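Asks: Questions regarding the structure given below will be posed in turn.
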Amino acid sequence: MTQAIPVTITVNGKKYTREAESRMLLSDFLRHELRLTGTHVGCEHGVCGACTILFDGESMRSCLILAVQAQGHEITTVEGLANDKDNLHPLQQSFWEAHGLQCGYCTPGILMTMIPFLKQNPNPSEEEIRHALSGNLCRCTGYQHIVDAVKLAAEKMK
Amino acid sequence: MKPAPFEYHAPTSLEQALDLMSQHAGEAKLLAGGQSLVPAMNFRIVQPGMLIDLNRVVEMSYIREEGPGLHVGAMTRERQLEFDASIEKRIPLLHEAAPNIAHPQIRNRGTLGGSIVNADPAAELPVLMLALNARLKAKNNSSERWIDAPDFFIGMFSTALEPDEILVEIELPFMPARTGWSFMEVAPRAGDYALMGIAALVTLDEAGKCSNAKLVYLNAGEGPVDAKQAAQLLQGETITGKLIDEAAVLASQKEINPYGNIHTSIEFQRHLANVLTKNALKQAIQRAGELQ
């Protein structure tokens, strides 16, 4: 029953080959096999959005994808956004400046949701931002500062 | 919160997938987008012995114009429906409803066929299949058949598919001329399961009378609920405010059979159905009028 299946995936531009049991979730593969713990795990049933990653450039829940399904695909995690800790991505910088996080648990998922959103909507309205945020739960901020941060990011990324 | 062990197969053609299904009928479960199946497996509500993953069967993902409608591969992502130009133009009800299906992250992965086969009474796509008179093509490794949407949904999370069959294609007729549409739902947050929802279609003839109407509800019974009597009330009539009120009462009080849940009482669901019916009919009639 417990097959070990070889998996080769590209994460943040780097190719990794590991073995994974068929039932291993992509979120656990990223965290435990690749030690990329920036992707957070909240509810593990697709509700909280903390584990959102980019799968071939599109935002998806990594807890609802099996690691073996990522074979041959390109994944981007929050670790892939900044070049180094002194040069944050403009979206990260905006979250810093606008206080878009308190505990930070939900932040990686929100950033990975907002990257493709801002690409598709470079001038989003507040309503559009709130709608795009609806799949990510935050229990600290009340969302207002997250909305502000996304607005600021849209300005910076113009 | 981790799935129980299972054997995993990832066929790269429909033929391989159908062969696997015939060998393992009953034991194997198909994995489409996994946006309902994987949570159920994480909770261990579902523990299939085998998963047949359709995500590498690229031939099952397409949107093609064919005759008087669109033929859509079952593995087409919900997000593709949302942004498809021919759907926007020829089946605007589906275009308008698509953003109501969960969140963008879910629509990026979730599929048309997966949501239909899951047959969740609270889901949007089964309701839309009924409203749009869709036909569903099922295949096993020796034959294929077409199933009309009303015959496909046979109960809560239950469909007419046999254990060795795969839903491969969905035929969506273009919406008829002079047909107005509306999709409305009420959810606690955008993207959450709706407490109540409706897909409405109204066709007006040249004299402005209703020649056809369709009212289908979500989270209103064991499956998508087609309120035929309420629609019948409108048929052949010049639709007045009074008639709309009567149709709304009939549908919300007699035809739907909601169960209530932690977020809503049955009474509130009936109230929502009443209000949504009126609002959706008004919008659909207005749009049909604009198309005259």
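Here, A, B, ... name the chains of the structure tokens in the order displayed, residue numbers run from 1 inside each chain, and ligands are numbered from 1 in the same displayed order.
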Which residues are close to region 189-202 of chain B, i.e. within 8 Å by only C-alpha atoms, leaving aside same-chain residues fewer than 6 positions away? Reply as a PyMOL selection string.
Replies: (chain A and resi 131+134-135) or (chain B and resi 93+100-103+122-123+127-128+131+179-183+210-220+263-264+269+272-273+276-277+280-281+284-285+288)
Asks: Where does DSSP see helix (DSSP H, G or I) in region 105-255 of chain B, if you list the residues as a PDB file with C-alpha atoms, in the first residue's frame?
Replies:
ATOM      1  CA  GLN B 105      -7.334  29.237  -5.327  1.00  0.00           C
ATOM      2  CA  ILE B 106      -9.989  26.507  -5.424  1.00  0.00           C
ATOM      3  CA  ARG B 107     -11.216  27.375  -8.929  1.00  0.00           C
ATOM      4  CA  LEU B 112     -16.187  21.088 -13.968  1.00  0.00           C
ATOM      5  CA  GLY B 113     -16.479  17.298 -14.055  1.00  0.00           C
ATOM      6  CA  GLY B 114     -15.265  16.849 -10.484  1.00  0.00           C
ATOM      7  CA  SER B 115     -17.868  19.206  -9.061  1.00  0.00           C
ATOM      8  CA  ILE B 116     -20.646  17.595 -11.122  1.00  0.00           C
ATOM      9  CA  VAL B 117     -19.741  14.059 -10.040  1.00  0.00           C
ATOM     10  CA  ASN B 118     -19.345  15.126  -6.416  1.00  0.00           C
ATOM     11  CA  GLU B 124     -23.133  25.780  -7.983  1.00  0.00           C
ATOM     12  CA  LEU B 125     -22.212  23.650 -10.998  1.00  0.00           C
ATOM     13  CA  PRO B 126     -24.861  20.895 -10.604  1.00  0.00           C
ATOM     14  CA  VAL B 127     -27.524  23.630 -10.373  1.00  0.00           C
ATOM     15  CA  LEU B 128     -26.143  25.273 -13.498  1.00  0.00           C
ATOM     16  CA  MET B 129     -26.129  21.952 -15.367  1.00  0.00           C
ATOM     17  CA  LEU B 130     -29.834  21.583 -14.682  1.00  0.00           C
ATOM     18  CA  ALA B 131     -30.635  25.192 -15.527  1.00  0.00           C
ATOM     19  CA  ALA B 149     -28.687  16.483 -16.234  1.00  0.00           C
ATOM     20  CA  PRO B 150     -32.016  15.770 -14.438  1.00  0.00           C
ATOM     21  CA  ASP B 151     -31.341  12.003 -14.704  1.00  0.00           C
ATOM     22  CA  PHE B 152     -27.728  12.391 -13.585  1.00  0.00           C
ATOM     23  CA  LYS B 228     -40.969  23.267 -12.179  1.00  0.00           C
ATOM     24  CA  GLN B 229     -44.353  24.378 -10.851  1.00  0.00           C
ATOM     25  CA  ALA B 230     -43.169  27.905 -10.177  1.00  0.00           C
ATOM     26  CA  ALA B 231     -41.667  28.046 -13.670  1.00  0.00           C
ATOM     27  CA  GLN B 232     -44.916  26.670 -15.113  1.00  0.00           C
ATOM     28  CA  LEU B 233     -46.813  29.508 -13.462  1.00  0.00           C
ATOM     29  CA  LEU B 234     -44.881  32.000 -15.596  1.00  0.00           C
ATOM     30  CA  GLY B 241     -45.120  41.715 -10.059  1.00  0.00           C
ATOM     31  CA  LYS B 242     -47.997  39.687  -8.650  1.00  0.00           C
ATOM     32  CA  LEU B 243     -47.040  36.642 -10.705  1.00  0.00           C
ATOM     33  CA  ILE B 244     -43.429  36.945  -9.556  1.00  0.00           C
ATOM     34  CA  ASP B 245     -44.606  37.020  -5.937  1.00  0.00           C
ATOM     35  CA  GLU B 246     -46.734  33.916  -6.495  1.00  0.00           C
ATOM     36  CA  ALA B 247     -43.890  32.023  -8.159  1.00  0.00           C
ATOM     37  CA  ALA B 248     -41.560  32.976  -5.289  1.00  0.00           C
ATOM     38  CA  VAL B 249     -44.010  31.699  -2.679  1.00  0.00           C
ATOM     39  CA  LEU B 250     -44.662  28.477  -4.562  1.00  0.00           C
ATOM     40  CA  ALA B 251     -40.961  27.722  -5.068  1.00  0.00           C
ATOM     41  CA  SER B 252     -39.821  28.707  -1.578  1.00  0.00           C
ATOM     42  CA  GLN B 253     -42.684  27.146   0.386  1.00  0.00           C
ATOM     43  CA  LYS B 254     -43.687  24.090  -1.655  1.00  0.00           C
ATOM     44  CA  GLU B 255     -40.998  23.026  -4.068  1.00  0.00           C
TER      45      GLU B 255
END
Asks: Find the residue from A:Ser27, A:Ser59, A:Gln69, A:Gly42 that sits nearest to Arg139 (chain A); use only C-alpha atoms when measuring.
Replies: A:Gly42
Asks: Within 8 Å of Gly223 (chain B), counting only C-alpha atoms, which residues qualify if same-chain residues fewer than 6 places away don't, as a list in words?
Replies: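 Using only C-alpha atoms, the neighbours found are Ala119, Asp120, Pro121, Ala122, Pro126, Phe153, Ile154, Gly155, Met156 and Phe157 of chain B.
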Asks: Put those residues in a file: N, CA and C atoms, as a PDB file, in the first residue's frame.
Replies:
ATOM      1  N   ALA B 119     -21.574  16.033  -6.827  1.00  0.00           N
ATOM      2  CA  ALA B 119     -23.027  16.200  -6.626  1.00  0.00           C
ATOM      3  C   ALA B 119     -23.383  16.712  -5.228  1.00  0.00           C
ATOM      4  N   ASP B 120     -22.634  17.723  -4.797  1.00  0.00           N
ATOM      5  CA  ASP B 120     -22.954  18.372  -3.525  1.00  0.00           C
ATOM      6  C   ASP B 120     -24.180  19.268  -3.747  1.00  0.00           C
ATOM      7  N   PRO B 121     -25.238  19.093  -2.944  1.00  0.00           N
ATOM      8  CA  PRO B 121     -26.442  19.906  -3.149  1.00  0.00           C
ATOM      9  C   PRO B 121     -26.185  21.405  -2.973  1.00  0.00           C
ATOM     10  N   ALA B 122     -25.110  21.762  -2.278  1.00  0.00           N
ATOM     11  CA  ALA B 122     -24.813  23.175  -2.048  1.00  0.00           C
ATOM     12  C   ALA B 122     -23.873  23.749  -3.114  1.00  0.00           C
ATOM     13  N   PRO B 126     -23.704  21.767 -10.320  1.00  0.00           N
ATOM     14  CA  PRO B 126     -24.861  20.895 -10.604  1.00  0.00           C
ATOM     15  C   PRO B 126     -26.140  21.691 -10.892  1.00  0.00           C
ATOM     16  N   PHE B 153     -28.342  13.541 -11.537  1.00  0.00           N
ATOM     17  CA  PHE B 153     -28.268  13.797 -10.091  1.00  0.00           C
ATOM     18  C   PHE B 153     -29.389  13.028  -9.407  1.00  0.00           C
ATOM     19  N   ILE B 154     -29.046  11.945  -8.721  1.00  0.00           N
ATOM     20  CA  ILE B 154     -30.095  11.074  -8.183  1.00  0.00           C
ATOM     21  C   ILE B 154     -30.219  11.193  -6.669  1.00  0.00           C
ATOM     22  N   GLY B 155     -29.416  12.014  -6.036  1.00  0.00           N
ATOM     23  CA  GLY B 155     -29.536  12.181  -4.598  1.00  0.00           C
ATOM     24  C   GLY B 155     -28.320  12.878  -4.052  1.00  0.00           C
ATOM     25  N   MET B 156     -28.284  13.010  -2.719  1.00  0.00           N
ATOM     26  CA  MET B 156     -27.188  13.717  -2.087  1.00  0.00           C
ATOM     27  C   MET B 156     -25.860  13.018  -2.395  1.00  0.00           C
ATOM     28  N   PHE B 157     -24.933  13.724  -2.994  1.00  0.00           N
ATOM     29  CA  PHE B 157     -23.628  13.175  -3.372  1.00  0.00           C
ATOM     30  C   PHE B 157     -23.762  11.896  -4.202  1.00  0.00           C
TER      31      PHE B 157
END
Asks: I need the residue nearest Gln235 (chain B) from this list: B:Asn55, B:Thr203, B:Gln16, B:Asn257. Use only C-alpha atoms for the distance.
Replies: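 Among the listed residues, the smallest separation from Gln235 (chain B) belongs to B:Thr203.
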Asks: Counting only C-alpha atoms, which residues in chain A sit no more than 7 Å from chain B? For each one, give the nearest pair of atoms and the distance in Å, sorted by chain then residue number, as a tab-separated table.
Replies:
residue	atom	partner	partner_atom	distance
A:Met1	CA	B:Glu7	CA	5.6
A:Thr2	CA	B:Pro5	CA	6.1
A:Ser22	CA	B:Tyr8	CA	6.1
A:Arg23	CA	B:Pro3	CA	5.8
A:Glu44	CA	B:Met1	CA	6.5
A:His45	CA	B:Pro39	CA	4.4
A:Gly46	CA	B:Pro39	CA	6.8
A:Glu58	CA	B:Asn108	CA	6.7
A:Ser59	CA	B:Gln105	CA	5.1
A:Met60	CA	B:Gln105	CA	4.5
A:Arg61	CA	B:Gln105	CA	6.4
A:Leu64	CA	B:Val38	CA	5.5
A:His131	CA	B:Ala190	CA	6.7
A:Ser134	CA	B:Ala190	CA	6.0
A:Gly135	CA	B:His103	CA	5.4
Asks: How about saving the chosen residues, C-alpha atoms kept, as a PDB file, in the first residue's frame?
Replies:
ATOM      1  CA  MET A   1       0.000   0.000   0.000  1.00  0.00           C
ATOM      2  CA  THR A   2       2.635   2.542   0.962  1.00  0.00           C
ATOM      3  CA  SER A  22       1.372   8.668  -2.408  1.00  0.00           C
ATOM      4  CA  ARG A  23      -0.618  10.104   0.490  1.00  0.00           C
ATOM      5  CA  GLU A  44      -5.533  21.113   6.137  1.00  0.00           C
ATOM      6  CA  HIS A  45      -8.890  21.064   4.444  1.00  0.00           C
ATOM      7  CA  GLY A  46      -8.735  23.989   2.080  1.00  0.00           C
ATOM      8  CA  GLU A  58      -1.458  29.946 -10.270  1.00  0.00           C
ATOM      9  CA  SER A  59      -2.445  30.181  -6.615  1.00  0.00           C
ATOM     10  CA  MET A  60      -3.566  26.871  -5.135  1.00  0.00           C
ATOM     11  CA  ARG A  61      -3.917  25.152  -1.762  1.00  0.00           C
ATOM     12  CA  LEU A  64      -5.256  19.819  -1.306  1.00  0.00           C
ATOM     13  CA  HIS A 131     -12.924  39.635  -2.602  1.00  0.00           C
ATOM     14  CA  SER A 134     -11.836  35.953   0.958  1.00  0.00           C
ATOM     15  CA  GLY A 135     -10.025  32.630   0.710  1.00  0.00           C
TER      16      GLY A 135
END
Asks: With the cut-off set at 10 Å and counting only C-alpha atoms, tabulate each residue of region 109-145 of chain B with an atom at most that distance from an atom of region 17-21 of chain B, showing the nearest atom pair and its distance in Å to one decimal, ordered by chain and increasing number, as JSON lines.
Replies:
{"residue": "B:Lys139", "atom": "CA", "partner": "B:Leu18", "partner_atom": "CA", "distance": 7.7}
{"residue": "B:Asn140", "atom": "CA", "partner": "B:Leu18", "partner_atom": "CA", "distance": 5.8}
{"residue": "B:Asn141", "atom": "CA", "partner": "B:Leu18", "partner_atom": "CA", "distance": 5.1}
{"residue": "B:Ser142", "atom": "CA", "partner": "B:Leu18", "partner_atom": "CA", "distance": 8.9}
Asks: Would you work out the distance separating CA of Gly73 (chain B) from CA of Asp164 (chain B), expressed in Å to one decimal?
Replies: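 One can read the CA of Gly73 (chain B) to CA of Asp164 (chain B) distance as 18.3 Å.
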Asks: Residues at most 12 Å from Thr37 (chain A), counting only C-alpha atoms, excluding those fewer than 3 positions away in the same chain, as a PyMOL selection string?
Replies: chain A and resi 27-34+40-41+50-51+77-79+105+108
Asks: Output the selection as a PDB file, in the first residue's frame - C-alpha atoms for each residue.
Replies:
ATOM      1  CA  SER A  27       2.332  21.133   1.919  1.00  0.00           C
ATOM      2  CA  ASP A  28       4.075  18.464   4.023  1.00  0.00           C
ATOM      3  CA  PHE A  29       6.486  17.638   1.208  1.00  0.00           C
ATOM      4  CA  LEU A  30       7.584  21.288   0.998  1.00  0.00           C
ATOM      5  CA  ARG A  31       7.954  21.612   4.765  1.00  0.00           C
ATOM      6  CA  HIS A  32       9.322  18.238   5.841  1.00  0.00           C
ATOM      7  CA  GLU A  33      11.195  16.916   2.818  1.00  0.00           C
ATOM      8  CA  LEU A  34      12.472  20.168   1.316  1.00  0.00           C
ATOM      9  CA  HIS A  40       2.296  27.323   6.636  1.00  0.00           C
ATOM     10  CA  VAL A  41      -0.273  24.675   7.440  1.00  0.00           C
ATOM     11  CA  ALA A  50      -2.306  29.530   4.906  1.00  0.00           C
ATOM     12  CA  CYS A  51      -0.711  26.893   2.635  1.00  0.00           C
ATOM     13  CA  THR A  77       6.620  29.409  -2.298  1.00  0.00           C
ATOM     14  CA  VAL A  78       7.038  32.513  -0.154  1.00  0.00           C
ATOM     15  CA  GLU A  79      10.780  31.749   0.012  1.00  0.00           C
ATOM     16  CA  TYR A 105       0.882  32.879  10.364  1.00  0.00           C
ATOM     17  CA  PRO A 108       2.760  33.536   3.353  1.00  0.00           C
TER      18      PRO A 108
END
Asks: Got a sec to tell me which of region 43-211 of chain B DSSP assigns to strand (DSSP E), as a PyMOL selection string?
Replies: chain B and resi 50-53+63-66+69-73+135-139+144-148+153-155+158-159+166-173+179-186+196-204+210-211
Asks: Emit the selected residues as a compact mmCIF listing (two decimals), in the first residue's frame, including C-alpha atoms.
Replies:
# COMPACT_ATOMS: atom_id res chain seq x y z
CA MET B 50 -6.89 3.36 -4.77
CA LEU B 51 -6.79 6.75 -6.44
CA ILE B 52 -6.80 7.16 -10.21
CA ASP B 53 -5.54 10.67 -10.83
CA ILE B 63 -13.74 23.91 -24.42
CA ARG B 64 -14.92 23.41 -28.02
CA GLU B 65 -17.74 24.93 -30.03
CA GLU B 66 -19.67 22.14 -31.69
CA GLY B 69 -23.38 24.48 -28.01
CA LEU B 70 -20.09 23.98 -26.24
CA HIS B 71 -18.47 20.66 -25.50
CA VAL B 72 -16.34 20.88 -22.39
CA GLY B 73 -13.90 18.26 -21.18
CA ARG B 135 -25.99 16.58 -21.23
CA LEU B 136 -23.27 14.52 -19.63
CA LYS B 137 -21.21 11.92 -21.46
CA ALA B 138 -20.20 8.87 -19.44
CA LYS B 139 -17.73 6.29 -20.70
CA GLU B 144 -20.38 5.46 -23.90
CA ARG B 145 -23.73 7.06 -23.16
CA TRP B 146 -25.25 10.52 -22.78
CA ILE B 147 -27.18 11.35 -19.60
CA ASP B 148 -29.49 14.36 -19.28
CA PHE B 153 -28.27 13.80 -10.09
CA ILE B 154 -30.09 11.07 -8.18
CA GLY B 155 -29.54 12.18 -4.60
CA SER B 158 -25.09 10.51 -5.69
CA THR B 159 -25.10 10.30 -9.47
CA ILE B 166 -15.95 8.19 -16.05
CA LEU B 167 -17.73 11.45 -16.81
CA VAL B 168 -15.71 12.60 -19.81
CA GLU B 169 -17.57 15.48 -21.41
CA ILE B 170 -20.29 18.02 -20.77
CA GLU B 171 -22.47 19.38 -23.55
CA LEU B 172 -23.74 22.88 -22.82
CA PRO B 173 -26.31 24.23 -25.29
CA THR B 179 -33.26 34.67 -22.78
CA GLY B 180 -32.41 36.66 -19.69
CA TRP B 181 -30.45 35.15 -16.83
CA SER B 182 -29.60 35.64 -13.21
CA PHE B 183 -27.48 33.86 -10.63
CA MET B 184 -27.71 34.90 -7.00
CA GLU B 185 -26.65 33.34 -3.74
CA VAL B 186 -26.32 34.34 -0.11
CA MET B 196 -29.34 29.47 -0.49
CA GLY B 197 -28.85 30.20 -4.17
CA ILE B 198 -30.73 30.34 -7.44
CA ALA B 199 -30.08 30.15 -11.16
CA ALA B 200 -32.93 31.70 -13.15
CA LEU B 201 -33.58 31.85 -16.89
CA VAL B 202 -36.49 33.60 -18.59
CA THR B 203 -37.20 33.57 -22.33
CA LEU B 204 -39.60 36.23 -23.62
CA CYS B 210 -42.72 34.34 -21.08
CA SER B 211 -42.20 31.40 -23.42
Asks: Give me the residues near Cys106 (chain A) as a VMD selection string, where near means some atom within 12 Å (using only C-alpha atoms) and where sequence neighbours in that chain fewer than 5 positions away do not count.
Replies: chain A and resid 38 to 43 47 to 52 78 100 to 101 111 to 113 133 135 to 141 143 146
Asks: CA of Ile266 (chain B) and CA of Gly221 (chain B) are how many Å apart?
Replies: 10.8 Å
Asks: Using only C-alpha atoms, find the one residue out of A:Thr76, A:Gln102, A:Gln92, A:Asn121 that sits nearest to Ile53 (chain A).
Replies: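 Using only C-alpha atoms, the shortest distance to Ile53 (chain A) belongs to A:Thr76.
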Asks: Quick one: residues within 10 Å of Pro163 (chain B), only C-alpha atoms counted, chain neighbours fewer than 3 positions away excluded, as a list in words?
Replies: Met21, Ser22, His24, Ala25, Gly26, Glu27, Ala28, Lys29, Asn140, Ala160 and Ile166 of chain B
Asks: Within 12 Å of region 148-153 of chain A, counting only C-alpha atoms, which residues qualify if same-chain residues fewer than 6 places away don't, as a PyMOL selection string?
Replies: chain A and resi 88-101+107+110-115+117-119+121-130+132-133+141-142
Asks: Convert the current residue selection to file output with C-alpha atoms, as a PDB file, in the first residue's frame.
Replies:
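Writing done, so here's out-v5.pdb:
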ATOM      1  CA  LEU A  88      12.135  42.167   0.123  1.00  0.00           C
ATOM      2  CA  HIS A  89       9.678  41.786  -2.728  1.00  0.00           C
ATOM      3  CA  PRO A  90       7.635  45.017  -3.048  1.00  0.00           C
ATOM      4  CA  LEU A  91       4.583  43.106  -1.806  1.00  0.00           C
ATOM      5  CA  GLN A  92       6.473  41.951   1.303  1.00  0.00           C
ATOM      6  CA  GLN A  93       7.893  45.446   1.811  1.00  0.00           C
ATOM      7  CA  SER A  94       4.353  46.833   1.675  1.00  0.00           C
ATOM      8  CA  PHE A  95       3.136  44.366   4.301  1.00  0.00           C
ATOM      9  CA  TRP A  96       6.057  45.485   6.477  1.00  0.00           C
ATOM     10  CA  GLU A  97       5.340  49.187   6.007  1.00  0.00           C
ATOM     11  CA  ALA A  98       1.541  49.025   6.305  1.00  0.00           C
ATOM     12  CA  HIS A  99       1.519  46.603   9.268  1.00  0.00           C
ATOM     13  CA  GLY A 100      -0.186  43.959   7.155  1.00  0.00           C
ATOM     14  CA  LEU A 101       0.587  41.273   9.718  1.00  0.00           C
ATOM     15  CA  THR A 107       0.955  35.966   5.707  1.00  0.00           C
ATOM     16  CA  ILE A 110      -1.860  35.817   1.561  1.00  0.00           C
ATOM     17  CA  LEU A 111       1.297  36.907  -0.247  1.00  0.00           C
ATOM     18  CA  MET A 112       1.078  33.915  -2.589  1.00  0.00           C
ATOM     19  CA  THR A 113      -2.581  34.718  -3.260  1.00  0.00           C
ATOM     20  CA  MET A 114      -1.864  38.377  -3.976  1.00  0.00           C
ATOM     21  CA  ILE A 115       1.073  37.841  -6.366  1.00  0.00           C
ATOM     22  CA  PHE A 117      -3.990  38.738  -8.199  1.00  0.00           C
ATOM     23  CA  LEU A 118      -1.898  41.905  -8.613  1.00  0.00           C
ATOM     24  CA  LYS A 119      -0.497  40.600 -11.870  1.00  0.00           C
ATOM     25  CA  ASN A 121      -5.381  43.383 -11.499  1.00  0.00           C
ATOM     26  CA  PRO A 122      -2.610  45.985 -11.325  1.00  0.00           C
ATOM     27  CA  ASN A 123      -5.067  48.684 -10.158  1.00  0.00           C
ATOM     28  CA  PRO A 124      -7.435  46.848  -7.829  1.00  0.00           C
ATOM     29  CA  SER A 125     -10.291  48.526  -5.999  1.00  0.00           C
ATOM     30  CA  GLU A 126     -10.724  47.921  -2.275  1.00  0.00           C
ATOM     31  CA  GLU A 127     -13.705  45.684  -3.047  1.00  0.00           C
ATOM     32  CA  GLU A 128     -11.665  43.589  -5.475  1.00  0.00           C
ATOM     33  CA  ILE A 129      -8.884  43.231  -2.908  1.00  0.00           C
ATOM     34  CA  ARG A 130     -11.340  42.130  -0.222  1.00  0.00           C
ATOM     35  CA  ALA A 132      -9.509  38.228  -3.527  1.00  0.00           C
ATOM     36  CA  LEU A 133      -8.684  37.932   0.189  1.00  0.00           C
ATOM     37  CA  THR A 141      -5.507  42.086  11.846  1.00  0.00           C
ATOM     38  CA  GLY A 142      -9.187  42.450  11.051  1.00  0.00           C
TER      39      GLY A 142
END
Asks: Just how far from CA of Leu132 (chain B) is CA of Phe174 (chain B), in Å to one decimal?
Replies: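 These two atoms are separated by 8.3 Å.
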Asks: Restricting the calculation to only C-alpha atoms, which member of A:Arg35, A:Cys103, A:Val68, A:Leu54 is positioned closest to Gln3 (chain A)?
Replies: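 Under the stated criterion, the closest residue is A:Val68.
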